[in-house]
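Everything below belongs to input26.txt, which stores compact mmCIF, C-alpha atoms.
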```txt
# COMPACT_ATOMS: atom_id res chain seq x y z
CA GLY A 1 -46.59 -9.80 54.75
CA ALA A 2 -44.50 -12.41 53.00
CA GLY A 3 -44.33 -10.52 49.74
CA VAL A 4 -45.51 -7.40 47.98
CA SER A 5 -49.25 -7.60 47.43
CA GLN A 6 -51.12 -5.67 44.76
CA SER A 7 -54.82 -5.30 44.09
CA PRO A 8 -56.78 -5.67 41.99
CA SER A 9 -54.89 -8.14 39.83
CA ASN A 10 -56.92 -7.08 36.81
CA LYS A 11 -58.93 -3.95 36.12
CA VAL A 12 -61.00 -3.15 33.05
CA THR A 13 -62.54 0.28 32.84
CA GLU A 14 -63.92 2.73 30.35
CA LYS A 15 -61.94 5.63 28.98
CA GLY A 16 -62.41 8.72 31.11
CA LYS A 17 -62.98 6.90 34.39
CA ASP A 18 -60.68 7.19 37.39
CA VAL A 19 -58.90 4.11 38.73
CA GLU A 20 -57.11 3.40 41.98
CA LEU A 21 -54.47 0.71 42.35
CA ARG A 22 -53.24 -0.55 45.69
CA CYS A 23 -49.89 -1.85 46.90
CA ASP A 24 -49.03 -3.48 50.22
CA PRO A 25 -45.25 -3.58 50.63
CA ILE A 26 -43.25 -6.12 52.58
CA SER A 27 -43.47 -5.37 56.27
CA GLY A 28 -40.53 -3.27 57.42
CA HIS A 29 -39.65 -1.99 53.97
CA THR A 30 -39.42 1.78 54.02
CA ALA A 31 -38.95 2.28 50.27
CA LEU A 32 -41.81 1.70 47.83
CA TYR A 33 -41.73 2.05 44.06
CA TRP A 34 -44.26 2.11 41.22
CA TYR A 35 -43.38 1.08 37.67
CA ARG A 36 -45.38 0.74 34.47
CA GLN A 37 -44.89 -2.05 31.95
CA ARG A 38 -46.46 -1.53 28.57
CA LEU A 39 -46.99 -4.51 26.31
CA GLY A 40 -43.69 -5.79 24.94
CA GLN A 41 -41.66 -3.12 26.67
CA GLY A 42 -39.47 -2.77 29.71
CA LEU A 43 -40.45 -1.17 32.96
CA GLU A 44 -40.78 2.59 33.26
CA PHE A 45 -40.21 4.16 36.65
CA LEU A 46 -43.15 6.23 37.87
CA ILE A 47 -42.61 7.26 41.49
CA TYR A 48 -40.95 6.16 44.70
CA PHE A 49 -41.45 6.80 48.39
CA GLN A 50 -38.76 6.63 51.07
CA GLY A 51 -40.07 6.83 54.61
CA ASN A 52 -41.40 10.28 55.39
CA SER A 53 -39.27 12.04 52.75
CA ALA A 54 -40.86 13.81 49.83
CA PRO A 55 -41.53 11.26 47.08
CA ASP A 56 -39.62 11.28 43.80
CA LYS A 57 -42.36 11.89 41.25
CA SER A 58 -40.05 12.41 38.31
CA GLY A 59 -41.40 9.45 36.33
CA LEU A 60 -45.10 10.30 36.44
CA PRO A 61 -46.15 10.78 32.79
CA SER A 62 -48.83 13.42 33.34
CA ASP A 63 -50.76 15.25 36.02
CA ARG A 64 -53.50 12.64 35.69
CA PHE A 65 -51.23 10.32 37.66
CA SER A 66 -50.77 10.64 41.41
CA ALA A 67 -49.75 8.40 44.27
CA GLU A 68 -49.98 8.47 48.02
CA ARG A 69 -48.44 6.51 50.83
CA THR A 70 -49.26 6.74 54.49
CA GLY A 71 -46.15 6.28 56.58
CA GLU A 72 -44.42 3.03 55.67
CA SER A 73 -47.53 1.11 54.74
CA VAL A 74 -49.98 0.87 51.88
CA SER A 75 -49.66 3.00 48.75
CA THR A 76 -52.30 3.87 46.18
CA LEU A 77 -51.66 4.93 42.60
CA THR A 78 -54.51 6.93 41.10
CA ILE A 79 -55.04 7.58 37.42
CA GLN A 80 -57.69 10.17 36.64
CA ARG A 81 -59.61 10.46 33.38
CA THR A 82 -58.00 7.31 32.00
CA GLN A 83 -56.87 7.14 28.39
CA GLN A 84 -56.28 4.09 26.22
CA GLU A 85 -52.53 4.64 26.36
CA ASP A 86 -52.72 4.06 30.12
CA SER A 87 -53.35 0.38 29.44
CA ALA A 88 -50.40 -1.48 30.96
CA VAL A 89 -49.32 -3.62 33.88
CA TYR A 90 -48.58 -1.47 36.91
CA LEU A 91 -45.96 -3.00 39.17
CA CYS A 92 -45.16 -2.10 42.73
CA ALA A 93 -41.90 -2.95 44.48
CA SER A 94 -40.43 -2.42 47.91
CA SER A 95 -37.00 -2.56 49.54
CA LEU A 96 -35.61 -2.10 53.03
CA ASN A 97 -34.67 1.46 52.15
CA ARG A 98 -33.86 3.49 49.08
CA ASP A 99 -30.29 2.31 48.70
CA SER A 100 -30.97 -1.27 49.69
CA GLN A 101 -31.27 -3.55 46.72
CA PRO A 102 -32.78 -5.66 45.35
CA GLN A 103 -36.30 -4.42 45.02
CA HIS A 104 -39.00 -7.04 45.55
CA PHE A 105 -41.90 -6.90 43.12
CA GLY A 106 -45.57 -7.68 43.37
CA ASP A 107 -47.47 -9.53 40.65
CA GLY A 108 -48.83 -6.28 39.25
CA THR A 109 -52.21 -4.91 38.25
CA ARG A 110 -53.14 -5.37 34.60
CA LEU A 111 -55.11 -2.29 33.59
CA SER A 112 -57.15 -2.29 30.40
CA ILE A 113 -58.84 0.87 29.19
CA LEU A 114 -61.70 0.31 26.75
CA GLY B 1 -27.71 9.41 31.88
CA ASN B 2 -28.27 5.81 32.84
CA SER B 3 -29.57 3.31 30.31
CA VAL B 4 -29.69 -0.42 29.63
CA THR B 5 -29.78 -2.13 26.25
CA GLN B 6 -30.67 -5.80 25.80
CA MET B 7 -30.63 -8.00 22.76
CA GLU B 8 -34.00 -8.18 21.10
CA GLY B 9 -36.13 -11.24 21.32
CA PRO B 10 -37.80 -13.51 21.04
CA VAL B 11 -35.07 -16.07 21.46
CA THR B 12 -36.08 -19.64 20.66
CA LEU B 13 -33.87 -22.52 21.74
CA SER B 14 -34.10 -26.27 22.02
CA GLU B 15 -33.85 -27.87 25.42
CA GLU B 16 -30.23 -28.27 26.63
CA ALA B 17 -28.95 -25.54 24.30
CA PHE B 18 -26.56 -22.85 25.50
CA LEU B 19 -28.10 -19.47 26.26
CA THR B 20 -26.62 -16.01 26.04
CA ILE B 21 -28.68 -12.85 26.42
CA ASN B 22 -26.60 -9.73 25.87
CA CYS B 23 -26.93 -6.70 28.10
CA THR B 24 -24.90 -3.48 27.96
CA TYR B 25 -25.30 -0.40 30.05
CA THR B 26 -24.44 3.27 30.23
CA ALA B 27 -23.93 4.81 33.64
CA THR B 28 -21.74 7.16 35.59
CA GLY B 29 -19.95 5.83 38.61
CA TYR B 30 -20.40 2.27 39.81
CA PRO B 31 -23.91 0.93 39.41
CA SER B 32 -25.22 -2.37 40.70
CA LEU B 33 -26.50 -4.72 38.00
CA PHE B 34 -29.37 -7.17 38.07
CA TRP B 35 -31.19 -9.76 36.03
CA TYR B 36 -34.89 -10.16 36.74
CA VAL B 37 -37.10 -12.90 35.30
CA GLN B 38 -40.82 -12.78 34.62
CA TYR B 39 -42.45 -16.19 34.15
CA PRO B 40 -45.77 -16.31 32.29
CA GLY B 41 -48.55 -14.81 34.39
CA GLU B 42 -46.24 -13.92 37.26
CA GLY B 43 -44.47 -10.85 38.62
CA LEU B 44 -40.79 -10.02 38.39
CA GLN B 45 -38.38 -12.09 40.41
CA LEU B 46 -34.76 -11.32 41.05
CA LEU B 47 -32.61 -13.90 39.26
CA LEU B 48 -29.12 -12.69 40.14
CA LYS B 49 -27.12 -9.58 40.87
CA ALA B 50 -23.60 -8.12 40.95
CA THR B 51 -22.60 -5.02 42.84
CA LYS B 52 -19.08 -4.30 41.64
CA ALA B 53 -16.78 -4.88 38.71
CA ASP B 54 -15.70 -8.49 38.07
CA ASP B 55 -18.39 -9.84 40.41
CA LYS B 56 -20.20 -12.88 39.08
CA GLY B 57 -23.84 -13.35 40.00
CA SER B 58 -25.28 -16.84 39.76
CA ASN B 59 -28.55 -18.62 40.48
CA LYS B 60 -30.44 -21.65 39.11
CA GLY B 61 -27.63 -22.38 36.65
CA PHE B 62 -27.63 -18.85 35.26
CA GLU B 63 -24.54 -16.65 35.48
CA ALA B 64 -23.60 -13.09 34.62
CA THR B 65 -20.31 -11.26 35.14
CA TYR B 66 -20.08 -7.51 35.72
CA ARG B 67 -17.61 -6.29 33.08
CA LYS B 68 -16.79 -2.65 33.57
CA GLU B 69 -14.34 -2.51 30.66
CA THR B 70 -17.07 -3.51 28.20
CA THR B 71 -19.99 -2.12 30.28
CA SER B 72 -21.73 -5.46 29.95
CA PHE B 73 -23.61 -7.96 32.08
CA HIS B 74 -24.49 -10.80 29.72
CA LEU B 75 -26.69 -13.60 31.02
CA GLU B 76 -25.60 -17.18 30.30
CA LYS B 77 -26.80 -20.69 31.01
CA GLY B 78 -25.12 -23.83 29.83
CA SER B 79 -28.19 -25.98 29.32
CA VAL B 80 -31.66 -24.45 29.21
CA GLN B 81 -34.87 -26.23 30.17
CA VAL B 82 -38.44 -25.73 29.05
CA SER B 83 -39.15 -24.28 32.48
CA ASP B 84 -36.72 -21.42 31.74
CA SER B 85 -39.16 -19.99 29.21
CA ALA B 86 -39.82 -16.46 30.44
CA VAL B 87 -39.00 -12.81 29.82
CA TYR B 88 -35.62 -11.71 31.15
CA PHE B 89 -34.87 -8.12 32.13
CA CYS B 90 -31.47 -6.59 32.70
CA ALA B 91 -31.47 -3.63 35.10
CA LEU B 92 -29.12 -1.24 36.82
CA TYR B 93 -29.28 0.73 40.04
CA ASN B 94 -27.16 3.84 40.34
CA GLN B 95 -28.47 5.66 43.39
CA GLY B 96 -31.50 7.88 43.11
CA GLY B 97 -33.93 5.15 44.11
CA LYS B 98 -35.06 3.78 40.77
CA LEU B 99 -34.07 0.75 38.76
CA ILE B 100 -33.37 1.34 35.07
CA PHE B 101 -34.58 -1.60 32.98
CA GLY B 102 -33.81 -2.89 29.55
CA GLN B 103 -36.70 -3.68 27.26
CA GLY B 104 -36.74 -7.37 28.12
CA THR B 105 -35.88 -10.47 26.12
CA GLU B 106 -38.42 -13.23 25.69
CA LEU B 107 -36.96 -16.73 25.81
CA SER B 108 -38.86 -19.73 24.52
CA VAL B 109 -37.38 -23.18 25.07
CA LYS B 110 -38.80 -26.06 23.02
CA PRO B 111 -38.65 -29.70 24.12
```
So, in terms of structure tokens, how does the structure I just supplied come out?
Amino acid sequence: GAGVSQSPSNKVTEKGKDVELRCDPISGHTALYWYRQRLGQGLEFLIYFQGNSAPDKSGLPSDRFSAERTGESVSTLTIQRTQQEDSAVYLCASSLNRDSQPQHFGDGTRLSIL
Amino acid sequence: GNSVTQMEGPVTLSEEAFLTINCTYTATGYPSLFWYVQYPGEGLQLLLKATKADDKGSNKGFEATYRKETTSFHLEKGSVQVSDSAVYFCALYNQGGKLIFGQGTELSVKP
């Protein structure tokens, strides 16, 4: 596609529920990244995928967070048993490959945990 | 480790004022440096970048020079407009796949 697409744009859910966020990268981009932006703060790296290599999961804050990507296409970020501190904007980005910059960002998913 | 520090906001300016947003970094080796902008209700957009020392990135009247001796990448604009109101993020890339961001600086420009 023309840009990175994320869905849903907004998600409100109750504490304890699982949520799944989706990211469609730019066509042809082999690297895909997830970041979290808490209110009034900068972006925290969560995870990135590069082609068929093992993903770098070093930024995931707990084992409630996981992400998958099939080949070089769509990725899903799953948060299980959501907590209020998970409320944030989750941003996805893609680039041609890991060492190709800049990264191109989607508009994000605003997640609110009640 | 790698880190980025930005001046705290919010920054409030009148239209046509001069803008400086300070950014300093800590990194080993030779990172690439970026400024991203986030307009209200929108995602991050790349504003400008510099990949090596003494490079100057520029776009839409904004400029930033990669200063290795002071480990800085300050953002400047000579005359801001109301439409420049946004949150500005300084970031570095130093291999390893991930961007390291500063905390962001909110800019509000009044007519």
Can you find the residues with an atom no farther than 6 Å from (-45.0, -1.4, 49.2), counting all atoms listed in the file, and report them as a short mmCIF file (atom, residue, chain, number, x, y, z; two decimals) with C-alpha atoms, in the coordinates of the input?
```cif
data_model
loop_
_atom_site.label_atom_id
_atom_site.label_comp_id
_atom_site.auth_asym_id
_atom_site.auth_seq_id
_atom_site.Cartn_x
_atom_site.Cartn_y
_atom_site.Cartn_z
CA CYS A 23 -49.89 -1.85 46.90
CA ASP A 24 -49.03 -3.48 50.22
CA PRO A 25 -45.25 -3.58 50.63
CA LEU A 32 -41.81 1.70 47.83
CA ALA A 93 -41.90 -2.95 44.48
CA SER A 94 -40.43 -2.42 47.91
#
```
- Message: Report as a PyMOL selection string all protein, DNA and RNA residues lying within 10 Å of segment 46-62 of chain B, evaluated on only C-alpha atoms, omitting residues in the same chain fewer than 2 positions from it.
- Response: (chain A and resi 101-105) or (chain B and resi 19-20+30-38+44+64-69+71+73+75-80+84+88-93)
- Enter the distance from atom CA of Asn10 of chain A to atom CA of Leu91 of chain A, in Å, rounded to one decimal.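 Interatomic distance here is 11.9 Å.
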Any chance you could tabulate, as a tab-separated table, the residues of chain A at most 10 Å from chain B with each one's nearest atom pair and distance in Å to one decimal, using all atoms listed in the file, in chain and rising number order?
```
residue	atom	partner	partner_atom	distance
A:Ala31	CA	B:Gly97	CA	8.4
A:Leu32	CA	B:Gly97	CA	9.4
A:Tyr33	CA	B:Lys98	CA	7.6
A:Trp34	CA	B:Lys98	CA	9.4
A:Tyr35	CA	B:Lys98	CA	9.3
A:Gln37	CA	B:Gln103	CA	9.6
A:Gly40	CA	B:Gln103	CA	7.7
A:Gln41	CA	B:Gln103	CA	5.0
A:Gly42	CA	B:Gln103	CA	3.8
A:Leu43	CA	B:Phe101	CA	5.9
A:Glu44	CA	B:Phe101	CA	7.5
A:Phe45	CA	B:Lys98	CA	6.6
A:Leu46	CA	B:Lys98	CA	8.9
A:Ile47	CA	B:Lys98	CA	8.3
A:Tyr48	CA	B:Gly97	CA	7.1
A:Phe49	CA	B:Gly97	CA	8.8
A:Gln50	CA	B:Gly97	CA	8.6
A:Asp56	CA	B:Gly97	CA	8.4
A:Gly59	CA	B:Lys98	CA	9.6
A:Val89	CA	B:Gly43	CA	9.9
A:Leu91	CA	B:Gly43	CA	8.0
A:Cys92	CA	B:Gly43	CA	9.7
A:Ala93	CA	B:Leu44	CA	9.4
A:Ser95	CA	B:Gly97	CA	9.9
A:Asn97	CA	B:Gly97	CA	8.9
A:Arg98	CA	B:Gly97	CA	5.2
A:Asp99	CA	B:Gly97	CA	6.5
A:Ser100	CA	B:Gly97	CA	9.0
A:Gln101	CA	B:Tyr93	CA	8.2
A:Pro102	CA	B:Leu46	CA	7.4
A:Gln103	CA	B:Leu46	CA	8.1
A:His104	CA	B:Gln45	CA	7.2
A:Phe105	CA	B:Leu44	CA	5.8
A:Gly106	CA	B:Gly43	CA	5.8
A:Asp107	CA	B:Gly43	CA	3.9
A:Gly108	CA	B:Gly43	CA	6.3
A:Thr109	CA	B:Gly43	CA	9.8
```
- Message: Please list as a ChimeraX atom specification every residue within 6 Å of Gly51 of chain A, counting all atoms listed in the file and excluding residues in the same chain fewer than 2 positions away.
- Response: /A:30,53,72
- Message: What does the structure give for the distance between atom CA of Val12 of chain A and atom CA of Tyr39 of chain B, in Å to one decimal?
- Response: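 Here the two named atoms are 22.7 Å from each other.
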- Query: How many Å separate atom CA of Pro111 of chain B from atom CA of Ala86 of chain B?
  - Reply: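 Separating atom CA of Pro111 of chain B from atom CA of Ala86 of chain B is a distance of 14.7 Å.
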- Task: Find, counting all atoms listed in the file, the residue in B:Thr26, B:Ser108, B:Thr70, B:Ser83 that gets nearest to Thr12 of chain B.
- Result: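 Smallest distance to Thr12 of chain B is found for B:Ser108.
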- Non-local contacts of Glu68 of chain A (10 Å; all atoms listed in the file; under 4 positions in same chain excluded) as a ChimeraX atom specification: /A:22,47-49,55,74-78
